[in-house]
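Text of upload-v8.txt (compact mmCIF, C-alpha atoms) as supplied:
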# COMPACT_ATOMS: atom_id res chain seq x y z
CA MET O 1 184.25 48.98 114.35
CA LYS O 2 186.83 49.74 111.80
CA ILE O 3 185.64 51.28 108.58
CA GLU O 4 187.81 50.43 105.67
CA ARG O 5 188.88 53.23 103.41
CA LYS O 6 187.66 53.08 99.94
CA THR O 7 190.46 53.00 97.43
CA MET O 8 189.76 55.06 94.36
CA THR O 9 191.75 54.91 91.22
CA ALA O 10 192.26 58.15 89.38
CA GLU O 11 193.02 57.61 85.74
CA VAL O 12 193.70 60.08 82.99
CA PRO O 13 190.93 59.62 80.45
CA SER O 14 192.63 58.00 77.52
CA LEU O 15 189.90 59.22 75.20
CA ALA O 16 191.20 62.80 75.48
CA MET O 17 194.80 61.88 74.58
CA GLY O 18 194.20 62.26 70.85
CA ASP O 19 192.69 65.72 71.32
CA ILE O 20 195.51 66.82 73.61
CA ALA O 21 198.13 65.66 71.12
CA PHE O 22 196.22 67.35 68.30
CA ASN O 23 196.07 70.71 70.09
CA LEU O 24 199.70 70.53 71.13
CA LEU O 25 200.72 69.83 67.56
CA ILE O 26 198.71 72.75 66.20
CA PHE O 27 200.30 75.00 68.82
CA PHE O 28 203.83 73.99 67.82
CA VAL O 29 203.05 74.16 64.10
CA ILE O 30 201.76 77.75 64.44
CA LEU O 31 204.80 78.63 66.54
CA ALA O 32 207.14 77.17 63.92
CA ARG O 33 205.34 78.80 61.01
CA ALA O 34 206.00 82.26 62.45
CA HIS O 35 209.70 81.86 61.59
CA ASP O 36 209.29 79.68 58.58
CA ASP O 37 209.44 80.43 54.87
CA SER O 38 208.41 77.03 53.56
CA PHE O 39 205.13 78.44 52.26
CA LEU O 40 206.97 80.80 49.88
CA ASN O 41 207.37 80.03 46.21
CA TRP O 42 210.89 79.95 44.76
CA LYS O 43 213.13 77.71 42.67
CA PRO O 44 216.80 77.39 43.65
CA ALA O 45 219.70 77.71 41.22
CA ALA O 46 221.74 74.56 40.55
CA ALA O 47 225.38 73.99 41.46
CA LYS O 48 227.83 71.15 42.10
CA ASP O 49 229.51 69.96 45.29
CA LEU O 50 227.16 71.49 47.79
CA GLN O 51 227.68 71.34 51.53
CA SER O 52 225.16 71.13 54.33
CA ALA O 53 223.94 74.60 55.24
CA GLY O 54 223.83 73.89 58.95
CA HIS O 55 221.80 75.70 61.55
CA ALA O 56 220.91 79.33 60.94
CA LYS O 57 218.97 81.93 62.89
CA VAL O 58 218.34 84.02 59.81
CA SER O 59 216.84 83.10 56.48
CA VAL O 60 216.52 85.63 53.68
CA LEU O 61 214.39 84.73 50.68
CA ILE O 62 213.57 86.34 47.34
CA ASP O 63 210.56 84.63 45.81
CA THR O 64 209.32 84.27 42.23
CA ASP O 65 207.66 87.71 42.43
CA ALA O 66 211.00 89.24 43.55
CA LYS O 67 209.58 89.98 47.00
CA LEU O 68 212.04 89.96 49.87
CA TYR O 69 211.41 88.03 53.11
CA LEU O 70 213.33 87.79 56.36
CA ASN O 71 212.41 84.67 58.35
CA GLY O 72 209.11 84.49 56.46
CA GLN O 73 208.16 88.13 57.01
CA GLU O 74 208.19 90.56 54.09
CA VAL O 75 210.76 93.34 54.51
CA GLY O 76 212.28 96.15 52.50
CA VAL O 77 215.90 95.99 51.44
CA SER O 78 216.66 99.21 53.34
CA GLN O 79 215.70 97.61 56.68
CA LEU O 80 217.34 94.28 55.97
CA SER O 81 220.85 94.94 57.25
CA GLU O 82 219.64 96.38 60.57
CA GLN O 83 217.15 93.57 61.17
CA ILE O 84 219.74 90.87 60.45
CA ARG O 85 222.17 92.58 62.83
CA GLU O 86 219.48 92.63 65.54
CA THR O 87 218.63 88.97 65.05
CA LEU O 88 222.23 87.81 65.04
CA GLY O 89 223.11 89.94 68.07
CA ASP O 90 226.51 89.09 69.53
CA ALA O 91 226.62 85.58 68.10
CA PRO O 92 230.24 84.43 67.62
CA PRO O 93 231.67 83.62 64.17
CA GLY O 94 230.40 80.24 63.07
CA GLU O 95 226.97 80.92 64.55
CA ARG O 96 226.23 83.86 62.30
CA ASN O 97 224.89 81.84 59.38
CA VAL O 98 222.44 83.58 57.10
CA LEU O 99 220.66 81.36 54.60
CA LEU O 100 220.12 83.12 51.30
CA LYS O 101 217.40 81.63 49.14
CA VAL O 102 217.07 83.40 45.83
CA HIS O 103 214.76 82.39 43.00
CA ARG O 104 217.00 81.34 40.09
CA GLU O 105 215.67 83.97 37.65
CA THR O 106 215.93 86.95 40.01
CA PRO O 107 217.85 89.80 38.33
CA ALA O 108 221.07 91.24 39.77
CA GLN O 109 219.49 94.60 40.50
CA ARG O 110 217.28 92.80 43.04
CA PHE O 111 219.65 90.31 44.70
CA GLU O 112 222.89 92.31 44.80
CA PRO O 113 221.64 94.85 47.36
CA VAL O 114 220.49 91.90 49.50
CA ILE O 115 223.95 90.29 49.36
CA GLU O 116 225.45 93.64 50.28
CA ALA O 117 223.07 94.02 53.24
CA ILE O 118 223.95 90.55 54.59
CA SER O 119 227.63 91.32 54.24
CA GLU O 120 227.18 94.66 56.02
CA ALA O 121 225.34 92.98 58.89
CA GLY O 122 228.30 90.63 59.40
CA GLY O 123 226.41 87.49 58.48
CA ASP O 124 228.09 84.32 57.17
CA MET O 125 226.22 83.93 53.92
CA VAL O 126 225.16 80.50 52.70
CA HIS O 127 223.52 80.37 49.27
CA ILE O 128 220.86 77.67 49.29
CA LEU O 129 221.10 75.80 46.00
CA GLU O 130 220.10 72.48 44.53
CA GLU O 131 222.56 69.83 43.38
CA GLU O 132 223.17 70.03 39.64
CA GLY O 133 221.67 67.20 37.65
CA GLU O 134 218.78 66.58 40.05
CA MET D 1 173.20 49.08 57.52
CA LEU D 2 174.93 52.34 58.29
CA VAL D 3 178.51 51.75 59.43
CA GLU D 4 180.14 54.71 61.13
CA PRO D 5 183.88 54.95 61.76
CA PRO D 6 184.69 54.67 65.45
CA SER D 7 184.86 58.19 66.90
CA THR D 8 187.74 57.27 69.20
CA ALA D 9 190.00 56.91 66.16
CA THR D 10 189.46 60.43 64.78
CA GLY D 11 192.14 61.89 67.04
CA ASP D 12 194.69 59.39 65.80
CA ILE D 13 193.64 59.94 62.19
CA ALA D 14 194.04 63.72 62.55
CA PHE D 15 197.41 63.24 64.24
CA ASN D 16 198.70 61.06 61.43
CA LEU D 17 197.39 63.45 58.79
CA ILE D 18 199.18 66.38 60.40
CA VAL D 19 202.44 64.44 60.64
CA PHE D 20 202.09 63.52 56.95
CA PHE D 21 201.55 67.15 55.86
CA LEU D 22 204.35 68.38 58.07
CA VAL D 23 206.79 65.94 56.51
CA CYS D 24 205.63 66.97 53.02
CA ALA D 25 206.02 70.66 53.84
CA SER D 26 209.49 70.34 55.30
CA VAL D 27 211.06 68.87 52.15
CA GLN D 28 213.17 71.89 51.32
CA PRO D 29 216.71 72.15 50.05
CA ASP D 30 219.10 72.73 52.93
CA ALA D 31 222.33 72.31 51.03
CA GLY D 32 224.25 75.22 49.72
CA ARG D 33 227.46 77.09 49.23
CA ARG D 34 229.14 79.34 51.76
CA GLN D 35 230.36 82.62 50.32
CA THR D 36 232.38 85.30 52.02
CA ILE D 37 232.08 88.76 50.61
CA PRO D 38 234.22 91.39 52.30
CA ARG D 39 232.33 94.09 54.14
CA SER D 40 232.29 97.39 52.30
CA GLU D 41 234.26 100.15 53.97
CA THR D 42 232.81 103.62 54.28
CA LYS D 43 236.18 105.30 54.75
CA SER D 44 238.18 105.97 51.65
CA GLU D 45 241.58 104.38 51.67
CA LYS D 46 244.52 106.64 51.02
CA THR D 47 246.96 103.83 50.40
CA PRO D 48 247.72 103.18 46.74
CA GLN D 49 245.31 100.57 45.45
CA THR D 50 246.43 97.54 43.51
CA GLU D 51 244.76 96.79 40.23
CA HIS D 52 242.12 94.16 40.74
CA VAL D 53 240.86 91.67 38.22
CA GLU D 54 237.44 92.69 36.97
CA VAL D 55 234.76 90.29 35.82
CA GLN D 56 231.86 91.73 33.86
CA LEU D 57 228.69 89.68 33.68
CA THR D 58 225.92 90.14 31.19
CA ARG D 59 222.88 87.91 30.68
CA GLY D 60 224.62 85.64 28.19
CA SER D 61 228.34 86.32 28.43
CA VAL D 62 231.27 86.94 30.72
CA ALA D 63 234.34 89.10 30.30
CA ILE D 64 237.60 89.31 32.24
CA ASN D 65 239.11 92.79 32.24
CA GLY D 66 236.99 93.59 29.20
CA ASP D 67 237.82 90.49 27.13
CA VAL D 68 234.89 88.16 26.53
CA VAL D 69 235.82 84.59 27.43
CA HIS D 70 234.21 81.21 26.98
CA ARG D 71 233.11 79.37 30.11
CA ARG D 72 235.78 76.66 29.60
CA GLN D 73 238.54 79.26 29.42
CA PHE D 74 237.25 81.25 32.36
CA VAL D 75 238.99 79.42 35.25
CA PRO D 76 242.41 78.94 33.55
CA ARG D 77 242.42 82.59 32.46
CA LEU D 78 241.54 83.79 35.94
CA LYS D 79 244.08 81.47 37.56
CA ALA D 80 246.76 82.90 35.28
CA LEU D 81 245.83 86.44 36.27
CA LEU D 82 245.81 85.60 39.97
CA ALA D 83 249.03 83.61 39.84
CA GLY D 84 251.81 85.26 41.77
CA LYS D 85 249.42 87.26 43.93
CA VAL D 86 250.05 86.22 47.50
CA ARG D 87 248.23 88.74 49.68
CA PRO D 88 244.46 88.19 50.06
CA GLU D 89 243.76 91.82 49.13
CA ASP D 90 245.48 91.27 45.79
CA LYS D 91 243.27 88.29 45.03
CA VAL D 92 240.13 90.39 45.07
CA VAL D 93 238.04 89.94 41.95
CA VAL D 94 235.54 92.71 41.29
CA VAL D 95 232.27 91.36 39.91
CA LYS D 96 230.25 93.85 37.88
CA SER D 97 226.87 92.59 36.76
CA LYS D 98 224.37 94.11 34.42
CA PRO D 99 221.03 94.67 36.19
CA GLU D 100 219.30 91.93 34.20
CA VAL D 101 221.81 89.15 35.02
CA PRO D 102 219.89 86.24 36.55
CA TYR D 103 220.93 84.75 39.87
CA HIS D 104 221.78 81.28 38.44
CA HIS D 105 224.26 82.88 36.00
CA TRP D 106 225.79 84.97 38.78
CA ILE D 107 226.18 82.03 41.15
CA THR D 108 227.83 79.92 38.42
CA TYR D 109 230.55 82.49 37.76
CA THR D 110 231.13 83.55 41.37
CA THR D 111 231.63 79.86 42.18
CA LEU D 112 234.19 79.60 39.37
CA ILE D 113 235.98 82.70 40.67
CA GLU D 114 236.31 81.08 44.11
CA GLU D 115 237.52 77.88 42.45
CA ALA D 116 240.25 79.90 40.75
CA GLY D 117 241.32 81.31 44.11
CA GLY D 118 239.72 84.73 43.85
CA ILE D 119 237.96 86.70 46.58
CA ILE D 120 234.69 88.13 45.36
CA THR D 121 233.70 91.74 45.72
CA VAL D 122 230.46 92.98 44.27
CA LEU D 123 230.45 96.33 42.54
CA ARG D 124 226.98 97.57 41.85
CA GLU D 125 226.01 100.01 39.16
CA GLU D 126 224.82 103.16 40.90
CA GLU D 127 221.20 103.99 40.23
CA GLN D 128 220.77 107.48 38.91
CA GLU D 129 217.52 109.33 38.74
CA VAL D 130 217.27 111.58 35.75
CA ARG D 131 214.61 114.26 35.88
CA VAL D 132 213.51 115.86 32.68
CA PRO D 133 212.46 119.48 33.22
Target encoding structure tokens, full file:
Amino acid sequence: MKIERKTMTAEVPSLAMGDIAFNLLIFFVILARAHDDSFLNWKPAAAKDLQSAGHAKVSVLIDTDAKLYLNGQEVGVSQLSEQIRETLGDAPPGERNVLLKVHRETPAQRFEPVIEAISEAGGDMVHILEEEGE
Amino acid sequence: MLVEPPSTATGDIAFNLIVFFLVCASVQPDAGRRQTIPRSETKSEKTPQTEHVEVQLTRGSVAINGDVVHRRQFVPRLKALLAGKVRPEDKVVVVKSKPEVPYHHWITYTTLIEEAGGIITVLREEEQEVRVP
């Protein structure tokens, strides 16, 4: 007597898909936030004829309280040059973009040392601004 | 009658909410202006230095080589001073800012300097600590 094999269908429970997607999203959001400065408060200066900033490994920001951040982490101006140099590594010219986001009312005594540090680290500085008249 | 939302939809609702907040959060300016500032040298140069154009910025005014100029006259004046200078090192414009000069004022004039064909160099006022005995 031949016993027929039972065929069993194994399906992924579709009910869990939402939860899986949700957890994955949270994971990637947290990962992205670690190098993000979107939560910081600043208002850009206005200028005409702006170009696209392009991709950058490094983002330096001075917020409304004149605090300095490198890729979302607060740093001192004395460590800035070294940390930018480390992040940029041996990247060739053209891939050494450093986005500089400075709150429009920040005084020169605060932002000039930052500009100097970026220049010393060999970064290609891109001032992030907003289009005039917006 | 108590009508409850179907529990199977909560995952989708959460997903859509997160996407919505992510899109809202990522609306940031990504346009800007590239600026090249020469790296400062630690060694002192022994070669005779050419006289560079100097731009002094204060909170409400701007001066070229000590003469206060109006914004409209700024570019033509600078162009005239840089005319005839061929080598890049001769086109260096030294920008001296008072400590209180706001960033928006600084970016306006450094942009105009580049428009006029100048190469920006920042000269900072040295901080000096004075101790009273």
Considering only C-alpha atoms, return as a VMD selection string whatever protein or nucleic-acid residues lie within 12 Å of Glu51 in chain D, sequence-local ones (same chain, fewer than 4 positions apart) excluded.
chain D and resid 65 81 to 82 85 89 to 94
Would you save the residues from that selection as a compact mmCIF listing (two decimals), in the frame of the given file, using C-alpha atoms?
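The result, written out as part-v7.txt:
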# COMPACT_ATOMS: atom_id res chain seq x y z
CA ASN D 65 239.11 92.79 32.24
CA LEU D 81 245.83 86.44 36.27
CA LEU D 82 245.81 85.60 39.97
CA LYS D 85 249.42 87.26 43.93
CA GLU D 89 243.76 91.82 49.13
CA ASP D 90 245.48 91.27 45.79
CA LYS D 91 243.27 88.29 45.03
CA VAL D 92 240.13 90.39 45.07
CA VAL D 93 238.04 89.94 41.95
CA VAL D 94 235.54 92.71 41.29
Of the candidates D:Arg124, D:Arg87, D:Arg77, D:Arg71, which one gets nearest to Thr108 in chain D if we count only C-alpha atoms?
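Between D:Arg124, D:Arg87, D:Arg77, D:Arg71, the residue approaching Thr108 in chain D most closely is D:Arg71.
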6 Å contacts from chain D to chain O using only C-alpha atoms, as a list of chain:residue names:
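The contacting residues on chain D are D:Gly11, D:Asp12, D:Phe15, D:Asp30, D:Ala31, D:Gly32, D:Arg33, D:Arg34, D:Gln35, D:Arg39, D:Pro99, D:Glu100, D:Val101, D:Pro102, D:Tyr103, D:His104.
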Give me, please, the distance in Å between CA of Tyr109 in chain D and CA of Ser97 in chain D, quoted to one decimal.
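So the answer is 10.8 Å.
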